[in-house]
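For reference, the structure is listed below as structure tokens.
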Amino acid sequence: MAEAAAALLERAARQDAALDELRALRVALQAVPPAALRARLGEHHLGALFALLGVNDREQVSACVSILERLLQALDPVYVIQNLREELQKGLFHPDDSVKILTIAQVGRIVEDSDAVTEILNSPELLRQIINCIGGEKIAVAKEAIKSLSRIAQTQDGLEALFVSSLLSDLKNVMATSDVVRYRVYELIVEISSVSAESLNYCAKSGLISELLGELTGDDVLVRATCIEMVTSLAHIPHGRQYLAQQGVIDKISNIILGAESDPFSSFYLPGFVKFFGNLAVVDSPQQICERYPVFMEKVFEMAESQDPTMIGVAVDTLGILGSNVEGKQVLQKTRSRFQNLLSKIGHQAKNAPTELRLRCLDAISSLLYLPPDQQTEDLLRMTESWFTSLSSQPLELFRSISTQPFPDLHCGALRVFTAIANQPWAQKLMLDSPGFVEYVVDRSVEPDKASKDAKYELVKALVNSKTIAEIFGNQYYLRLRAYLQEGPYYVKAVSTTAVEGAE
């Protein structure tokens, strides 16, 4: 196979390979190991293939791109940048997006190599054109450009090249192309800033983070909605949170939520602002965030109690995030009856709302009710039990009825609720006292697809791994569950048949 590929490569290098031969070469290369390719590749082969990209024939271009992808992967990044710099440069100007993506992806490979990255940093024209690719029409090209530039910024020299040279002007110029392109550059800046405090410092000095934060608190409600997602990403990293706090951004977001009452367009950006605080609470401290910014909790409850399905969905997601750890659960518990009443509404939505909202409710319920084994104090167990009973007059039957519906997503969502409470003694007693429940758990015939089988298996695993299960369920049921666990999620019982003499 290597010999055949080599022969086809030679024909391509002489630029007399027909399209059929290029197709054959593409197939042949799939079976040739990289080491065998490296041994046979010469600069003239690759240069010729790049030259074949210069025709106005989409099929030939597509075949050449596939071949080059395979060949370039077999080469050392230093070799590629030293010998094919001009070809890469031309590739960035090619009218076919697949050629641009191929070229930018190679630059991404090169910058990950400590020996090769210097060559790229000494090629400002190449970097300038990659920056311009952020402004391309095709999102795939822009994404590849963002990925490569983000990799370049992983080093001190890369940060210097992007932010302390004329390339910063190119970055700002491409931002002026359109709103969409401006957001792409912000996306790049947030990605770079997230790497380290030093990276964030470079981005801050460039003035681009200030521009992003200025738009966040500006008057355009649609821009706010887009920018808050990026700022939320920044808040996930400790040095990002510190920067946002120092700039007074968190206080400003809190004030905007406070003023949302009088803004008829607040529904555009409010969900993103509330999610921001939900995420902030989990990565920081739910208690401190909720005490310092009481408007956040109040707004979550208001949204959850409203009649607007969009607002209810965001509130339910946020409550699920907030209640995903014990500190957050305790913050919610302090609101007493208001949260208990809200749980009743969430239970009602889980049963009656449109499918998407039902799924979000089920996920939030799972998050709120789960308690890690090492945190199962008597008080916390009492709390989760009271929350569970607040969901419905017969909560176990509610989720069981959802789990028997012929919709895989809902079915799995209900199983995840059972899995969340499976290691808590009060829930195990409820399960045992519910007629036919344990039989349902060990019945494999009710799981129609892989996702359902996996979800059921997680439930069985949670039950078997609980310290109290053998005592509460008794030996007979415990052994059946353990056998299920040992057999795995996809076990099928063999059906034996007896041959009868003379039967057809």
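Each chain in the structure tokens gets a letter, A, B, ..., in the order shown, and its residues are numbered from 1; ligands are numbered from 1 in order too.
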Contacts of Ala281 in chain A at 10 Å (only C-alpha atoms; same-chain gap of 6+ positions) as a ChimeraX atom specification:
/A:275,287-290,318,321-323,327-328
Name the residues in contact with Ala153 in chain A at a cut-off of 12 Å, using only C-alpha atoms, excluding same-chain residues fewer than 2 positions from it; report them as a VMD selection string.
chain A and resid 108 111 to 112 117 120 to 121 127 146 to 151 155 to 164 188 to 196 198 to 200 202 to 203
Please write the residues from the selection above to a file, keeping C-alpha atoms, as a compact mmCIF listing (two decimals), in the first residue's frame.
# COMPACT_ATOMS: atom_id res chain seq x y z
CA GLY A 108 -2.64 25.44 15.56
CA VAL A 111 2.09 26.75 17.90
CA GLU A 112 1.73 23.78 20.24
CA VAL A 117 6.08 28.40 17.73
CA ILE A 120 5.07 31.50 13.71
CA LEU A 121 5.67 34.47 16.00
CA LEU A 127 -0.82 35.91 12.12
CA ILE A 146 -9.99 31.67 17.43
CA LYS A 147 -8.67 28.26 18.49
CA SER A 148 -5.25 28.86 16.88
CA LEU A 149 -4.88 32.40 18.28
CA SER A 150 -5.89 31.12 21.71
CA ARG A 151 -3.10 28.52 21.49
CA THR A 155 3.05 31.58 25.98
CA GLN A 156 4.58 34.87 27.13
CA ASP A 157 5.95 35.49 23.61
CA GLY A 158 2.53 34.77 22.12
CA LEU A 159 0.85 37.26 24.46
CA GLU A 160 3.48 39.86 23.53
CA ALA A 161 2.92 39.20 19.81
CA LEU A 162 -0.86 39.60 20.04
CA PHE A 163 -1.15 42.45 22.51
CA VAL A 164 2.11 44.44 22.38
CA LEU A 188 -11.18 34.97 22.06
CA ILE A 189 -10.27 37.55 24.72
CA VAL A 190 -12.26 35.72 27.42
CA GLU A 191 -10.68 32.40 26.39
CA ILE A 192 -7.17 33.89 26.65
CA SER A 193 -7.97 35.72 29.93
CA SER A 194 -9.16 32.48 31.52
CA VAL A 195 -5.72 30.84 31.24
CA SER A 196 -3.92 32.82 33.96
CA GLU A 198 -0.96 37.19 33.57
CA SER A 199 -3.04 36.48 30.43
CA LEU A 200 -5.92 38.46 31.90
CA TYR A 202 -2.45 41.49 28.97
CA CYS A 203 -6.09 41.43 27.80
Show which residues sit within 10 Å of Glu458 in chain A, as a count of residues only. Count only C-alpha atoms, and ignore same-chain residues fewer than 2 positions away.
18
Report as a PyMOL selection string all protein, DNA and RNA residues lying within 8 Å of range 380-397 of chain A, evaluated on only C-alpha atoms, omitting residues in the same chain fewer than 5 positions from it.
chain A and resi 333+340-341+343-348+368-369+375+424+426-427+430-431
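In this structure, CA of Leu410 in chain A sits 6.2 Å away from CA of Leu359 in chain A.
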Any idea what's packed within 9 Å of Met175 in chain A, counting only C-alpha atoms, ignoring anything in its chain fewer than 4 positions away? Could you give it as an mmCIF file with N, CA, C and O atoms, in the first residue's frame?
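Listing of part-v4.cif after writing:
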data_model
loop_
_atom_site.group_PDB
_atom_site.id
_atom_site.type_symbol
_atom_site.label_atom_id
_atom_site.label_comp_id
_atom_site.auth_asym_id
_atom_site.auth_seq_id
_atom_site.Cartn_x
_atom_site.Cartn_y
_atom_site.Cartn_z
ATOM 1 N N ILE A 134 -11.041 35.668 11.521
ATOM 2 C CA ILE A 134 -12.116 35.760 12.535
ATOM 3 C C ILE A 134 -13.327 36.468 11.924
ATOM 4 O O ILE A 134 -14.465 36.227 12.303
ATOM 5 N N GLY A 135 -13.055 37.351 10.971
ATOM 6 C CA GLY A 135 -14.134 38.099 10.329
ATOM 7 C C GLY A 135 -14.751 37.386 9.142
ATOM 8 O O GLY A 135 -15.602 37.950 8.457
ATOM 9 N N ASP A 170 -4.826 45.161 14.332
ATOM 10 C CA ASP A 170 -5.555 44.272 13.412
ATOM 11 C C ASP A 170 -6.752 43.640 14.109
ATOM 12 O O ASP A 170 -7.822 43.506 13.522
ATOM 13 N N LEU A 171 -6.539 43.262 15.380
ATOM 14 C CA LEU A 171 -7.622 42.659 16.161
ATOM 15 C C LEU A 171 -8.765 43.664 16.327
ATOM 16 O O LEU A 171 -9.943 43.329 16.166
ATOM 17 N N ASP A 179 -21.259 43.337 14.389
ATOM 18 C CA ASP A 179 -21.515 42.950 15.786
ATOM 19 C C ASP A 179 -21.086 41.510 16.032
ATOM 20 O O ASP A 179 -20.474 41.192 17.050
ATOM 21 N N VAL A 180 -21.424 40.632 15.091
ATOM 22 C CA VAL A 180 -21.128 39.206 15.241
ATOM 23 C C VAL A 180 -19.618 38.980 15.381
ATOM 24 O O VAL A 180 -19.163 38.238 16.248
ATOM 25 N N VAL A 181 -18.845 39.657 14.536
ATOM 26 C CA VAL A 181 -17.382 39.492 14.573
ATOM 27 C C VAL A 181 -16.824 40.077 15.873
ATOM 28 O O VAL A 181 -15.892 39.528 16.473
ATOM 29 N N ARG A 182 -17.401 41.189 16.316
ATOM 30 C CA ARG A 182 -16.953 41.794 17.579
ATOM 31 C C ARG A 182 -17.112 40.808 18.736
ATOM 32 O O ARG A 182 -16.226 40.666 19.575
ATOM 33 N N TYR A 183 -18.248 40.084 18.757
ATOM 34 C CA TYR A 183 -18.471 39.088 19.816
ATOM 35 C C TYR A 183 -17.473 37.938 19.706
ATOM 36 O O TYR A 183 -17.051 37.366 20.708
ATOM 37 N N ARG A 184 -17.088 37.603 18.468
ATOM 38 C CA ARG A 184 -16.093 36.527 18.289
ATOM 39 C C ARG A 184 -14.759 36.926 18.915
ATOM 40 O O ARG A 184 -14.088 36.114 19.545
ATOM 41 N N VAL A 185 -14.379 38.206 18.731
ATOM 42 C CA VAL A 185 -13.119 38.681 19.321
ATOM 43 C C VAL A 185 -13.235 38.679 20.847
ATOM 44 O O VAL A 185 -12.301 38.269 21.545
ATOM 45 N N TYR A 186 -14.390 39.091 21.368
ATOM 46 C CA TYR A 186 -14.594 39.027 22.826
ATOM 47 C C TYR A 186 -14.460 37.586 23.325
ATOM 48 O O TYR A 186 -13.880 37.326 24.386
#
Every residue of range 357-409 of chain A that DSSP places in helix (DSSP H, G or I), as a ChimeraX atom specification
/A:357-369,373-375,378-390,395-403,408-409
To one decimal place, how far is CA of Glu125 in chain A from CA of Ser165 in chain A in Å?
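Taking CA of Glu125 in chain A and CA of Ser165 in chain A, their separation equals 12.4 Å.
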Just give me the gap between CA of Cys361 in chain A and CA of Val316 in chain A in Å, one decimal is fine.
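Interatomic distance here is 6.2 Å.
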Have a look at A:Lys172, A:His411, A:Arg224, A:Arg109 and name the one nearest to Gly207 in chain A; count only C-alpha atoms.
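Among A:Lys172, A:His411, A:Arg224, A:Arg109, it is A:Lys172 that comes nearest to Gly207 in chain A.
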Nearby residues (only C-alpha atoms) at most 9 Å from Val221 in chain A, same-chain spacing under 3 positions excluded, as a ChimeraX atom specification
/A:216,218,224-226,265-266,268-269
Can you check which parts of range 288-351 of chain A lie within 8 Å of range 245-259 of chain A? Per residue, the shortest pair of atoms and distance in Å to one decimal, counting only C-alpha atoms, sorted by chain and number, as JSON lines.
{"residue": "A:Tyr293", "atom": "CA", "partner": "A:Ser254", "partner_atom": "CA", "distance": 6.7}
{"residue": "A:Val295", "atom": "CA", "partner": "A:Leu258", "partner_atom": "CA", "distance": 6.4}
{"residue": "A:Phe296", "atom": "CA", "partner": "A:Ser254", "partner_atom": "CA", "distance": 7.1}
{"residue": "A:Lys299", "atom": "CA", "partner": "A:Ile257", "partner_atom": "CA", "distance": 7.8}
Restrict the selected residues to N, CA, C and O atoms and save them as a tab-separated table (two decimals), in the first residue's frame.
chain	number	residue	atom	x	y	z
A	293	TYR	N	-25.86	39.98	47.87
A	293	TYR	CA	-26.71	40.43	46.76
A	293	TYR	C	-28.13	39.82	46.92
A	293	TYR	O	-28.51	38.94	46.16
A	295	VAL	N	-30.89	40.80	46.11
A	295	VAL	CA	-31.75	41.00	44.94
A	295	VAL	C	-31.73	39.76	44.04
A	295	VAL	O	-32.72	39.44	43.38
A	296	PHE	N	-30.60	39.04	44.04
A	296	PHE	CA	-30.46	37.84	43.21
A	296	PHE	C	-31.48	36.78	43.63
A	296	PHE	O	-32.26	36.28	42.82
A	299	LYS	N	-35.08	37.80	42.97
A	299	LYS	CA	-35.44	37.73	41.55
A	299	LYS	C	-35.64	36.29	41.10
A	299	LYS	O	-36.55	36.00	40.32
Selected residue, from A:Gln89, A:Gln82, A:Gln154, A:Gln129, that lies nearest to Ser114 in chain A when counting only C-alpha atoms:
A:Gln154
